[in-house]
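Pasted below: work06.pdb, PDB, C-alpha atoms.
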```pdb
ATOM      1  CA  MET A   1      -5.243 -32.283 -17.042
ATOM      2  CA  THR A   2      -7.452 -30.656 -14.400
ATOM      3  CA  LYS A   3      -8.462 -26.983 -14.519
ATOM      4  CA  LEU A   4      -8.957 -25.303 -11.154
ATOM      5  CA  ARG A   5      -9.830 -21.831  -9.940
ATOM      6  CA  GLY A   6      -8.658 -20.149  -6.771
ATOM      7  CA  ILE A   7      -6.998 -17.193  -5.048
ATOM      8  CA  VAL A   8      -3.254 -16.564  -4.768
ATOM      9  CA  VAL A   9      -2.407 -16.625  -1.043
ATOM     10  CA  ARG A  10       1.393 -16.578  -1.151
ATOM     11  CA  ASN A  11       4.093 -15.308  -3.497
ATOM     12  CA  THR A  12       7.714 -16.168  -2.744
ATOM     13  CA  GLY A  13       9.061 -14.775  -6.007
ATOM     14  CA  SER A  14       9.335 -17.864  -8.158
ATOM     15  CA  LEU A  15       6.628 -19.976  -6.549
ATOM     16  CA  TYR A  16       3.011 -19.190  -5.787
ATOM     17  CA  GLU A  17       0.538 -20.885  -3.484
ATOM     18  CA  VAL A  18      -3.091 -20.920  -4.596
ATOM     19  CA  LYS A  19      -6.056 -21.786  -2.395
ATOM     20  CA  THR A  20      -8.547 -23.404  -4.740
ATOM     21  CA  ASP A  21     -12.293 -22.924  -4.516
ATOM     22  CA  GLU A  22     -12.384 -26.467  -3.107
ATOM     23  CA  GLY A  23     -10.068 -25.415  -0.263
ATOM     24  CA  GLN A  24      -6.823 -27.111  -1.420
ATOM     25  CA  LEU A  25      -3.470 -25.345  -1.183
ATOM     26  CA  VAL A  26      -1.632 -25.893  -4.473
ATOM     27  CA  PRO A  27       1.988 -24.853  -5.221
ATOM     28  CA  CYS A  28       2.110 -23.162  -8.633
ATOM     29  CA  ARG A  29       4.410 -21.586 -11.156
ATOM     30  CA  VAL A  30       3.589 -19.170 -13.966
ATOM     31  CA  LYS A  31       3.781 -20.455 -17.522
ATOM     32  CA  GLY A  32       6.797 -18.891 -19.241
ATOM     33  CA  ASN A  33       4.837 -17.346 -22.108
ATOM     34  CA  PHE A  34       2.358 -15.873 -19.608
ATOM     35  CA  ARG A  35       4.940 -13.238 -18.668
ATOM     36  CA  LEU A  36       5.201 -12.029 -22.276
ATOM     37  CA  ARG A  37       1.634 -10.831 -22.759
ATOM     38  CA  GLY A  38       2.417  -7.132 -22.459
ATOM     39  CA  ILE A  39       2.404  -7.124 -18.655
ATOM     40  CA  ARG A  40       4.997  -4.534 -17.630
ATOM     41  CA  SER A  41       5.383  -5.887 -14.128
ATOM     42  CA  THR A  42       8.021  -7.677 -12.092
ATOM     43  CA  ASN A  43       5.188  -9.812 -10.681
ATOM     44  CA  PRO A  44       2.389 -10.340 -13.192
ATOM     45  CA  VAL A  45       0.569 -12.434 -10.567
ATOM     46  CA  ALA A  46      -0.027 -10.934  -7.120
ATOM     47  CA  VAL A  47      -1.425 -12.131  -3.816
ATOM     48  CA  GLY A  48      -5.200 -11.597  -3.917
ATOM     49  CA  ASP A  49      -5.458 -12.438  -7.610
ATOM     50  CA  ARG A  50      -8.175 -14.828  -8.714
ATOM     51  CA  VAL A  51      -6.508 -17.269 -11.121
ATOM     52  CA  VAL A  52      -7.102 -20.307 -13.296
ATOM     53  CA  LEU A  53      -4.537 -23.090 -13.033
ATOM     54  CA  THR A  54      -3.913 -26.397 -14.730
ATOM     55  CA  ASP A  55      -2.849 -29.407 -12.667
ATOM     56  CA  SER A  56      -1.364 -32.377 -14.489
ATOM     57  CA  GLY A  57      -0.544 -34.281 -11.298
ATOM     58  CA  GLY A  58       3.094 -33.164 -10.992
ATOM     59  CA  ASP A  59       4.845 -31.403  -8.124
ATOM     60  CA  VAL A  60       3.465 -28.008  -9.155
ATOM     61  CA  ALA A  61       0.488 -26.727 -11.111
ATOM     62  CA  TYR A  62       0.659 -23.848 -13.615
ATOM     63  CA  ILE A  63      -1.207 -20.555 -13.521
ATOM     64  CA  VAL A  64      -2.561 -19.946 -17.009
ATOM     65  CA  GLU A  65      -4.979 -17.050 -16.511
ATOM     66  CA  ILE A  66      -5.685 -14.132 -14.183
ATOM     67  CA  GLU A  67      -9.342 -13.274 -13.773
ATOM     68  CA  GLU A  68     -10.227  -9.594 -14.125
ATOM     69  CA  ARG A  69      -9.073  -7.570 -11.118
ATOM     70  CA  ARG A  70     -11.456  -5.304  -9.211
ATOM     71  CA  ASN A  71      -8.509  -3.112  -8.243
ATOM     72  CA  TYR A  72      -4.907  -3.272  -7.062
ATOM     73  CA  ILE A  73      -2.149  -1.124  -5.581
ATOM     74  CA  ILE A  74       0.914  -0.644  -7.748
ATOM     75  CA  ARG A  75       4.226   1.190  -7.493
ATOM     76  CA  LYS A  76       7.304   1.606  -9.632
ATOM     77  CA  ALA A  77       9.589  -1.427  -9.375
ATOM     78  CA  SER A  78      12.682  -0.739  -7.286
ATOM     79  CA  ASN A  79      15.131  -2.170  -9.800
ATOM     80  CA  LEU A  80      13.557  -1.516 -13.212
ATOM     81  CA  SER A  81      12.245   1.987 -13.845
ATOM     82  CA  LYS A  82      10.119   0.875 -16.809
ATOM     83  CA  GLN A  83       8.305  -1.792 -14.831
ATOM     84  CA  SER A  84       5.786  -1.892 -12.032
ATOM     85  CA  HIS A  85       5.383  -3.963  -8.901
ATOM     86  CA  ILE A  86       1.860  -4.926  -7.863
ATOM     87  CA  LEU A  87       1.572  -5.004  -4.073
ATOM     88  CA  ALA A  88      -1.770  -6.867  -3.919
ATOM     89  CA  ALA A  89      -5.007  -7.259  -5.875
ATOM     90  CA  ASN A  90      -8.780  -7.320  -5.295
ATOM     91  CA  LEU A  91      -8.759  -5.280  -2.103
ATOM     92  CA  ASP A  92     -11.596  -3.936   0.024
ATOM     93  CA  LEU A  93      -9.237  -1.901   2.195
ATOM     94  CA  ALA A  94      -5.592  -0.916   2.671
ATOM     95  CA  VAL A  95      -4.149  -0.161   6.113
ATOM     96  CA  LEU A  96      -1.034   2.020   5.901
ATOM     97  CA  MET A  97       0.894   1.716   9.168
ATOM     98  CA  VAL A  98       2.701   4.918  10.091
ATOM     99  CA  THR A  99       5.244   5.857  12.768
ATOM    100  CA  LEU A 100       6.440   9.412  13.338
ATOM    101  CA  VAL A 101       9.864   8.232  14.547
ATOM    102  CA  ARG A 102      11.844   5.007  14.908
ATOM    103  CA  PRO A 103      11.405   4.711  11.919
ATOM    104  CA  GLU A 104      10.091   7.935  10.416
ATOM    105  CA  THR A 105       7.267   7.725   7.902
ATOM    106  CA  THR A 106       7.432  10.917   5.843
ATOM    107  CA  THR A 107       4.364  12.757   4.628
ATOM    108  CA  THR A 108       5.742  12.331   1.091
ATOM    109  CA  PHE A 109       5.568   8.552   1.465
ATOM    110  CA  ILE A 110       2.077   8.691   2.991
ATOM    111  CA  ASP A 111       0.767  10.990   0.258
ATOM    112  CA  ARG A 112       2.227   8.902  -2.561
ATOM    113  CA  PHE A 113       0.613   5.769  -1.147
ATOM    114  CA  LEU A 114      -2.741   7.531  -0.686
ATOM    115  CA  ALA A 115      -2.690   8.983  -4.214
ATOM    116  CA  SER A 116      -1.876   5.601  -5.759
ATOM    117  CA  ALA A 117      -4.669   3.967  -3.777
ATOM    118  CA  GLU A 118      -7.087   6.691  -4.942
ATOM    119  CA  ALA A 119      -6.006   6.107  -8.552
ATOM    120  CA  TYR A 120      -6.889   2.408  -8.345
ATOM    121  CA  ARG A 121      -9.995   2.844  -6.165
ATOM    122  CA  VAL A 122      -8.695   1.200  -2.997
ATOM    123  CA  PRO A 123     -10.053   2.678   0.276
ATOM    124  CA  VAL A 124      -7.283   3.462   2.807
ATOM    125  CA  VAL A 125      -7.118   4.008   6.549
ATOM    126  CA  LEU A 126      -4.018   5.183   8.400
ATOM    127  CA  ALA A 127      -2.844   3.346  11.519
ATOM    128  CA  PHE A 128      -0.457   5.443  13.628
ATOM    129  CA  ASN A 129       1.518   2.925  15.678
ATOM    130  CA  LYS A 130       3.911   3.101  18.652
ATOM    131  CA  MET A 131       1.886   5.829  20.361
ATOM    132  CA  ASP A 132       3.300   4.510  23.651
ATOM    133  CA  ASP A 133       6.848   5.286  22.463
ATOM    134  CA  LEU A 134       6.434   9.033  21.865
ATOM    135  CA  SER A 135       7.641  12.027  23.846
ATOM    136  CA  ALA A 136       5.109  14.779  24.574
ATOM    137  CA  GLU A 137       6.464  16.771  21.621
ATOM    138  CA  GLU A 138       6.352  13.775  19.285
ATOM    139  CA  ARG A 139       2.803  12.962  20.353
ATOM    140  CA  ALA A 140       1.728  16.540  19.599
ATOM    141  CA  GLU A 141       3.322  16.262  16.129
ATOM    142  CA  THR A 142       1.552  12.957  15.524
ATOM    143  CA  GLU A 143      -1.794  14.377  16.611
ATOM    144  CA  ALA A 144      -1.311  17.325  14.223
ATOM    145  CA  LEU A 145      -0.616  14.860  11.406
ATOM    146  CA  ILE A 146      -3.704  12.832  12.306
ATOM    147  CA  ALA A 147      -5.820  16.009  12.272
ATOM    148  CA  LEU A 148      -4.448  16.856   8.803
ATOM    149  CA  TYR A 149      -5.444  13.504   7.280
ATOM    150  CA  GLN A 150      -8.766  13.238   9.092
ATOM    151  CA  ASN A 151      -9.656  16.696   7.783
ATOM    152  CA  ILE A 152      -9.035  15.429   4.226
ATOM    153  CA  GLY A 153     -11.326  12.474   4.928
ATOM    154  CA  TYR A 154      -8.991   9.608   5.836
ATOM    155  CA  HIS A 155      -9.926   7.596   8.926
ATOM    156  CA  CYS A 156      -7.003   7.341  11.374
ATOM    157  CA  TYR A 157      -6.391   4.800  14.134
ATOM    158  CA  LEU A 158      -4.042   5.231  17.094
ATOM    159  CA  LEU A 159      -2.236   2.025  18.030
ATOM    160  CA  SER A 160       0.265   0.558  20.391
ATOM    161  CA  ALA A 161       0.609  -2.874  18.814
ATOM    162  CA  ALA A 162       3.332  -3.827  21.300
ATOM    163  CA  GLU A 163       0.835  -3.323  24.139
ATOM    164  CA  GLY A 164      -2.237  -4.420  22.170
ATOM    165  CA  ARG A 165      -3.942  -1.029  22.465
ATOM    166  CA  GLY A 166      -6.239   0.234  19.716
ATOM    167  CA  VAL A 167      -6.110  -3.064  17.832
ATOM    168  CA  ASP A 168      -9.749  -4.070  18.411
ATOM    169  CA  ALA A 169     -11.100  -0.947  16.700
ATOM    170  CA  LEU A 170      -8.886  -1.535  13.666
ATOM    171  CA  LEU A 171      -9.863  -5.215  13.546
ATOM    172  CA  ALA A 172     -13.543  -4.218  13.506
ATOM    173  CA  GLU A 173     -12.822  -2.069  10.420
ATOM    174  CA  MET A 174     -11.099  -5.018   8.708
ATOM    175  CA  GLN A 175     -13.724  -7.646   9.539
ATOM    176  CA  GLY A 176     -15.165  -9.348   6.489
ATOM    177  CA  LYS A 177     -12.817  -7.494   4.111
ATOM    178  CA  VAL A 178      -9.692  -8.329   2.112
ATOM    179  CA  THR A 179      -7.180  -5.894   3.608
ATOM    180  CA  LEU A 180      -3.648  -4.993   2.564
ATOM    181  CA  LEU A 181      -1.303  -4.240   5.479
ATOM    182  CA  ALA A 182       1.491  -1.931   4.270
ATOM    183  CA  GLY A 183       4.207   0.356   5.617
ATOM    184  CA  HIS A 184       7.939   0.733   6.133
ATOM    185  CA  SER A 185       9.935  -2.065   7.742
ATOM    186  CA  GLY A 186       9.967  -1.502  11.491
ATOM    187  CA  VAL A 187       6.592   0.217  11.892
ATOM    188  CA  GLY A 188       5.151  -2.834  13.677
ATOM    189  CA  LYS A 189       3.274  -4.665  10.922
ATOM    190  CA  SER A 190       4.441  -8.091  12.075
ATOM    191  CA  THR A 191       3.575  -7.336  15.701
ATOM    192  CA  LEU A 192       0.101  -6.227  14.636
ATOM    193  CA  LEU A 193      -0.388  -9.246  12.390
ATOM    194  CA  ASN A 194       0.445 -11.628  15.230
ATOM    195  CA  LEU A 195      -2.331  -9.960  17.259
ATOM    196  CA  LEU A 196      -4.848 -10.019  14.404
ATOM    197  CA  VAL A 197      -4.116 -13.626  13.438
ATOM    198  CA  PRO A 198      -3.229 -15.725  16.503
ATOM    199  CA  GLY A 199      -0.918 -18.487  15.368
ATOM    200  CA  ALA A 200       0.498 -16.516  12.415
ATOM    201  CA  ASN A 201       3.872 -16.484  14.221
ATOM    202  CA  VAL A 202       5.302 -13.792  11.952
ATOM    203  CA  ARG A 203       8.885 -12.931  12.912
ATOM    204  CA  THR A 204       9.588  -9.461  14.311
ATOM    205  CA  ALA A 205      12.894  -7.596  14.551
ATOM    206  CA  GLU A 206      14.430  -4.699  16.419
ATOM    207  CA  ILE A 207      14.904  -1.266  14.841
ATOM    208  CA  SER A 208      18.447  -0.558  13.635
ATOM    209  CA  ALA A 209      20.070   1.749  16.200
ATOM    210  CA  VAL A 210      22.375   3.153  13.523
ATOM    211  CA  HIS A 211      19.822   4.081  10.876
ATOM    212  CA  GLY A 212      16.620   4.292  12.925
ATOM    213  CA  SER A 213      14.940   2.113  10.348
ATOM    214  CA  GLY A 214      13.410  -1.323  10.373
ATOM    215  CA  MET A 215      14.975  -4.502   9.085
ATOM    216  CA  HIS A 216      12.941  -6.706   6.751
ATOM    217  CA  THR A 217      11.294  -9.586   8.588
ATOM    218  CA  THR A 218       8.615 -10.319   5.971
ATOM    219  CA  THR A 219      10.381 -11.524   2.833
ATOM    220  CA  PHE A 220       7.363 -12.448   0.707
ATOM    221  CA  SER A 221       3.675 -11.576   0.390
ATOM    222  CA  GLU A 222       1.092 -13.767   2.087
ATOM    223  CA  LEU A 223      -2.650 -13.783   2.759
ATOM    224  CA  PHE A 224      -3.856 -14.759   6.254
ATOM    225  CA  GLU A 225      -7.471 -15.533   7.174
ATOM    226  CA  LEU A 226      -8.870 -13.381   9.978
ATOM    227  CA  PRO A 227     -10.534 -15.422  12.749
ATOM    228  CA  GLY A 228     -13.861 -13.570  12.542
ATOM    229  CA  GLY A 229     -14.041 -13.409   8.745
ATOM    230  CA  GLY A 230     -12.095 -11.594   6.066
ATOM    231  CA  SER A 231      -8.383 -11.745   5.397
ATOM    232  CA  VAL A 232      -5.228  -9.654   5.608
ATOM    233  CA  ILE A 233      -2.392  -9.541   3.064
ATOM    234  CA  ASP A 234       1.020  -8.958   4.600
ATOM    235  CA  ILE A 235       3.776  -7.697   2.300
ATOM    236  CA  PRO A 236       7.484  -6.901   2.809
ATOM    237  CA  GLY A 237       8.219  -3.428   4.175
ATOM    238  CA  ILE A 238       8.285  -0.672   1.553
ATOM    239  CA  LYS A 239      11.116   1.886   1.547
ATOM    240  CA  GLY A 240       9.920   4.228  -1.187
ATOM    241  CA  PHE A 241       6.845   4.663  -3.290
ATOM    242  CA  GLY A 242       7.565   5.671  -6.876
ATOM    243  CA  THR A 243       4.309   6.257  -8.733
ATOM    244  CA  PHE A 244       3.749   4.272 -11.914
ATOM    245  CA  ASP A 245       1.817   5.043 -15.089
ATOM    246  CA  MET A 246       0.322   8.252 -13.665
ATOM    247  CA  GLU A 247       0.108  11.198 -16.080
ATOM    248  CA  ALA A 248       1.000  14.640 -14.714
ATOM    249  CA  GLU A 249      -2.446  16.081 -15.471
ATOM    250  CA  GLU A 250      -4.078  13.279 -13.453
ATOM    251  CA  VAL A 251      -2.037  13.608 -10.255
ATOM    252  CA  SER A 252      -4.104  16.375  -8.648
ATOM    253  CA  HIS A 253      -7.255  14.267  -9.107
ATOM    254  CA  TYR A 254      -5.866  11.823  -6.530
ATOM    255  CA  PHE A 255      -5.367  14.507  -3.867
ATOM    256  CA  ARG A 256      -8.914  14.805  -2.552
ATOM    257  CA  GLU A 257      -8.728  18.401  -1.345
ATOM    258  CA  PHE A 258      -6.970  19.533  -4.549
ATOM    259  CA  PHE A 259      -9.656  17.961  -6.716
ATOM    260  CA  GLU A 260     -12.444  19.580  -4.714
ATOM    261  CA  THR A 261     -10.794  23.018  -4.682
ATOM    262  CA  SER A 262      -9.723  22.940  -8.347
ATOM    263  CA  ALA A 263     -13.332  23.501  -9.449
ATOM    264  CA  GLU A 264     -12.720  27.160  -8.536
ATOM    265  CA  CYS A 265      -9.513  27.504 -10.612
ATOM    266  CA  ARG A 266      -9.651  30.040 -13.470
ATOM    267  CA  PHE A 267      -8.379  27.492 -15.987
ATOM    268  CA  SER A 268      -9.899  24.021 -16.339
ATOM    269  CA  ASN A 269      -6.468  22.527 -17.126
ATOM    270  CA  CYS A 270      -4.724  24.255 -14.219
ATOM    271  CA  THR A 271      -1.605  22.406 -13.026
ATOM    272  CA  HIS A 272      -1.611  24.285  -9.689
ATOM    273  CA  THR A 273       1.993  25.376 -10.165
ATOM    274  CA  GLN A 274       2.082  28.976 -11.433
ATOM    275  CA  GLU A 275      -1.203  29.784 -13.160
ATOM    276  CA  PRO A 276      -3.042  33.012 -12.241
ATOM    277  CA  GLY A 277      -6.352  32.434 -10.503
ATOM    278  CA  CYS A 278      -5.336  29.006  -9.138
ATOM    279  CA  ALA A 279      -7.718  28.199  -6.293
ATOM    280  CA  VAL A 280      -5.396  25.475  -4.953
ATOM    281  CA  LEU A 281      -2.447  27.875  -4.560
ATOM    282  CA  GLU A 282      -4.755  30.429  -2.944
ATOM    283  CA  ALA A 283      -6.014  27.772  -0.502
ATOM    284  CA  ILE A 284      -2.417  26.927   0.415
ATOM    285  CA  GLU A 285      -1.719  30.633   1.036
ATOM    286  CA  ARG A 286      -4.711  30.749   3.389
ATOM    287  CA  GLY A 287      -3.549  27.592   5.191
ATOM    288  CA  GLU A 288      -6.578  25.591   4.063
ATOM    289  CA  ILE A 289      -4.422  23.041   2.230
ATOM    290  CA  ALA A 290      -1.311  21.717   3.989
ATOM    291  CA  LEU A 291       2.024  22.735   2.478
ATOM    292  CA  SER A 292       3.301  19.166   3.022
ATOM    293  CA  ARG A 293       0.562  17.870   0.716
ATOM    294  CA  TYR A 294       1.514  20.374  -1.961
ATOM    295  CA  GLU A 295       5.199  19.399  -1.693
ATOM    296  CA  SER A 296       4.196  15.744  -2.181
ATOM    297  CA  TYR A 297       2.130  16.730  -5.216
ATOM    298  CA  ILE A 298       5.056  18.628  -6.782
ATOM    299  CA  SER A 299       7.407  15.679  -6.179
ATOM    300  CA  MET A 300       4.950  13.357  -7.944
ATOM    301  CA  LEU A 301       4.752  15.687 -10.952
ATOM    302  CA  GLY A 302       8.486  15.092 -11.346
ATOM    303  CA  ASP A 303       8.250  11.296 -11.386
ATOM    304  CA  LYS A 304       8.512  11.213 -15.171
ATOM    305  CA  GLU A 305      12.098  12.388 -14.863
ATOM    306  CA  GLU A 306      14.499   9.437 -15.174
ATOM    307  CA  GLY A 307      15.632   8.256 -11.769
ATOM    308  CA  LYS A 308      13.199  10.443  -9.842
ATOM    309  CA  TYR A 309      12.494   9.095  -6.326
ATOM    310  CA  ARG A 310      14.655   6.025  -6.917
ATOM    311  CA  SER A 311      17.034   6.901  -4.068
ATOM    312  CA  ALA A 312      14.248   6.255  -1.567
ATOM    313  CA  PHE A 313      13.856   2.568  -2.438
TER     314      PHE A 313
END
```
Could I get this structure in the form of structure tokens?
Amino acid sequence: MTKLRGIVVRNTGSLYEVKTDEGQLVPCRVKGNFRLRGIRSTNPVAVGDRVVLTDSGGDVAYIVEIEERRNYIIRKASNLSKQSHILAANLDLAVLMVTLVRPETTTTFIDRFLASAEAYRVPVVLAFNKMDDLSAEERAETEALIALYQNIGYHCYLLSAAEGRGVDALLAEMQGKVTLLAGHSGVGKSTLLNLLVPGANVRTAEISAVHGSGMHTTTFSELFELPGGGSVIDIPGIKGFGTFDMEAEEVSHYFREFFETSAECRFSNCTHTQEPGCAVLEAIERGEIALSRYESYISMLGDKEEGKYRSAF
């Protein structure tokens, strides 16, 4: 029996594909007992994981160990409230693709993604796509949103993936890194990926005229090599982002401007909800912290309630 090491480059649900350190692509399954080692996840192995596998010469090899992860992005599983779903592991960067309309990406969704990435130490940039498809009013709204996030410290890119505009600057940011590409279905991830990785031939689909939302074209997670170095992990579109394993007292730490401002709060354990002398609430009153960010924060405090945020999946 041969022991090999490699990186998981594709996950179709029941079958994994591992690129070994020798450059072979090996179809793999997970040993049954592997799932029982206290891993509260619908996918204990994720794309980007470094793994050890045993190959006995059959049709598939078996993953027997996950090497320690540098980081990962996780959310609450859409079908099991007690379990998590790992989007990808060992990331240098996450690109969250955002569209103001057709489909709408809410600030609540953006903030939940950003907070989760902060919690697991994954740097994020925001890519605002379909800038060519906006009315003057919609463009002004988008620019206001970009100003909000840039002011917090998140780098924002303006794209028109359909026309290939703005892609080169984003690609330069991704070069040499392992990057997660995430967002709702319909925001243009597949269109962008086909530009970043010529020959990827990822299927794209039209936006639903009835619901104004995207239809899933990516059905499993996969890692693609970037031509100039680095790689990009494409995952199925995400509807909602329920936070997982995040204690209420920790949530404000993952909102950068809250954490910075909270040093001035009267109480060291301030929850920024109703305490006197709360510097965060005072900053909101003065317009220095966006109300939309505070609303996202309050919604995340309620995630411990059974069923909270499940309707958005």
Residues at most 12 Å from stretch 272-287 of chain A, counting only C-alpha atoms, excluding those fewer than 5 positions away in the same chain, as a compact mmCIF listing (two decimals) with C-alpha atoms, in the frame of the given file?
```txt
# COMPACT_ATOMS: atom_id res chain seq x y z
CA LEU A 148 -4.45 16.86 8.80
CA ALA A 248 1.00 14.64 -14.71
CA GLU A 249 -2.45 16.08 -15.47
CA GLU A 250 -4.08 13.28 -13.45
CA VAL A 251 -2.04 13.61 -10.26
CA SER A 252 -4.10 16.38 -8.65
CA HIS A 253 -7.26 14.27 -9.11
CA PHE A 255 -5.37 14.51 -3.87
CA ARG A 256 -8.91 14.80 -2.55
CA GLU A 257 -8.73 18.40 -1.34
CA PHE A 258 -6.97 19.53 -4.55
CA PHE A 259 -9.66 17.96 -6.72
CA GLU A 260 -12.44 19.58 -4.71
CA THR A 261 -10.79 23.02 -4.68
CA SER A 262 -9.72 22.94 -8.35
CA ALA A 263 -13.33 23.50 -9.45
CA GLU A 264 -12.72 27.16 -8.54
CA CYS A 265 -9.51 27.50 -10.61
CA ARG A 266 -9.65 30.04 -13.47
CA PHE A 267 -8.38 27.49 -15.99
CA SER A 292 3.30 19.17 3.02
CA ARG A 293 0.56 17.87 0.72
CA TYR A 294 1.51 20.37 -1.96
CA GLU A 295 5.20 19.40 -1.69
CA TYR A 297 2.13 16.73 -5.22
CA ILE A 298 5.06 18.63 -6.78
CA SER A 299 7.41 15.68 -6.18
CA LEU A 301 4.75 15.69 -10.95
```
message = Since I can't run it myself right now, could you work out what the PyMOL selection byres ((chain A and resi 132) around 12) selects here and report it as a PyMOL selection string?
response = chain A and resi 99-101+128-131+133-136+138-139+142+158-166
Given 4 Å of margin on each side, can you work out the centre and size in Å (one decimal) of an axis-aligned box holding every listed atom of stretch 231-238 of chain A, as JSON?
```
{"center_x": 0.0, "center_y": -6.2, "center_z": 3.6, "size_x": 24.7, "size_y": 19.1, "size_z": 12.1}
```
task = Would you please work out which residue, of A:Gly153, A:Gly199, A:Gly240, A:Gly228, is nearest to A:Lys177 when using all atoms listed in the file?
result =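 Among the listed residues, A:Gly228 lies closest to A:Lys177.
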note = Computed gap from atom CA of A:Ile235 to atom CA of A:Asn151 is 28.4 Å
query = When distances are computed from all atoms listed in the file, which of A:Ile238, A:Val232, A:Met1, A:Val202 shows the smallest separation from A:Ile74?
reply = A:Ile238
ask   = Which is closest to A:Asn194 among A:Ala169, A:Leu53, A:Ala182, A:Leu226, if we use all atoms listed in the file?
value =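 Among the listed residues, the smallest separation from A:Asn194 belongs to A:Leu226.
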task = Take the PyMOL selection byres ((chain A and resi 64) around 12), apply it to the structure above, and return the hits as a PyMOL selection string.
result = chain A and resi 3-6+28-35+37+44-45+50-55+61-63+65-67
With stretch 81-91 of chain A as the partner and 12 Å as the cut-off, tabulate the residues of stretch 120-157 of chain A that qualify, each row holding the nearest pair of atoms and their distance in Å to one decimal, using all atoms listed in the file, sorted by chain and rising number, as JSON lines.
```
{"residue": "A:Tyr120", "atom": "CA", "partner": "A:Leu91", "partner_atom": "CA", "distance": 10.1}
{"residue": "A:Arg121", "atom": "CA", "partner": "A:Leu91", "partner_atom": "CA", "distance": 9.2}
{"residue": "A:Val122", "atom": "CA", "partner": "A:Leu91", "partner_atom": "CA", "distance": 6.5}
{"residue": "A:Pro123", "atom": "CA", "partner": "A:Leu91", "partner_atom": "CA", "distance": 8.4}
{"residue": "A:Val124", "atom": "CA", "partner": "A:Leu91", "partner_atom": "CA", "distance": 10.1}
```
message = To one decimal place in Å, what is the distance between atom CA of A:Val167 and atom CA of A:Gly242?
response =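 One can read the atom CA of A:Val167 to atom CA of A:Gly242 distance as 29.6 Å.
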inquiry  = Please compute the atom CA of A:Met174-atom CA of A:Arg10 distance, one decimal, in Å.
reply    =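 Straight-line distance from atom CA of A:Met174 to atom CA of A:Arg10 works out to 19.7 Å.
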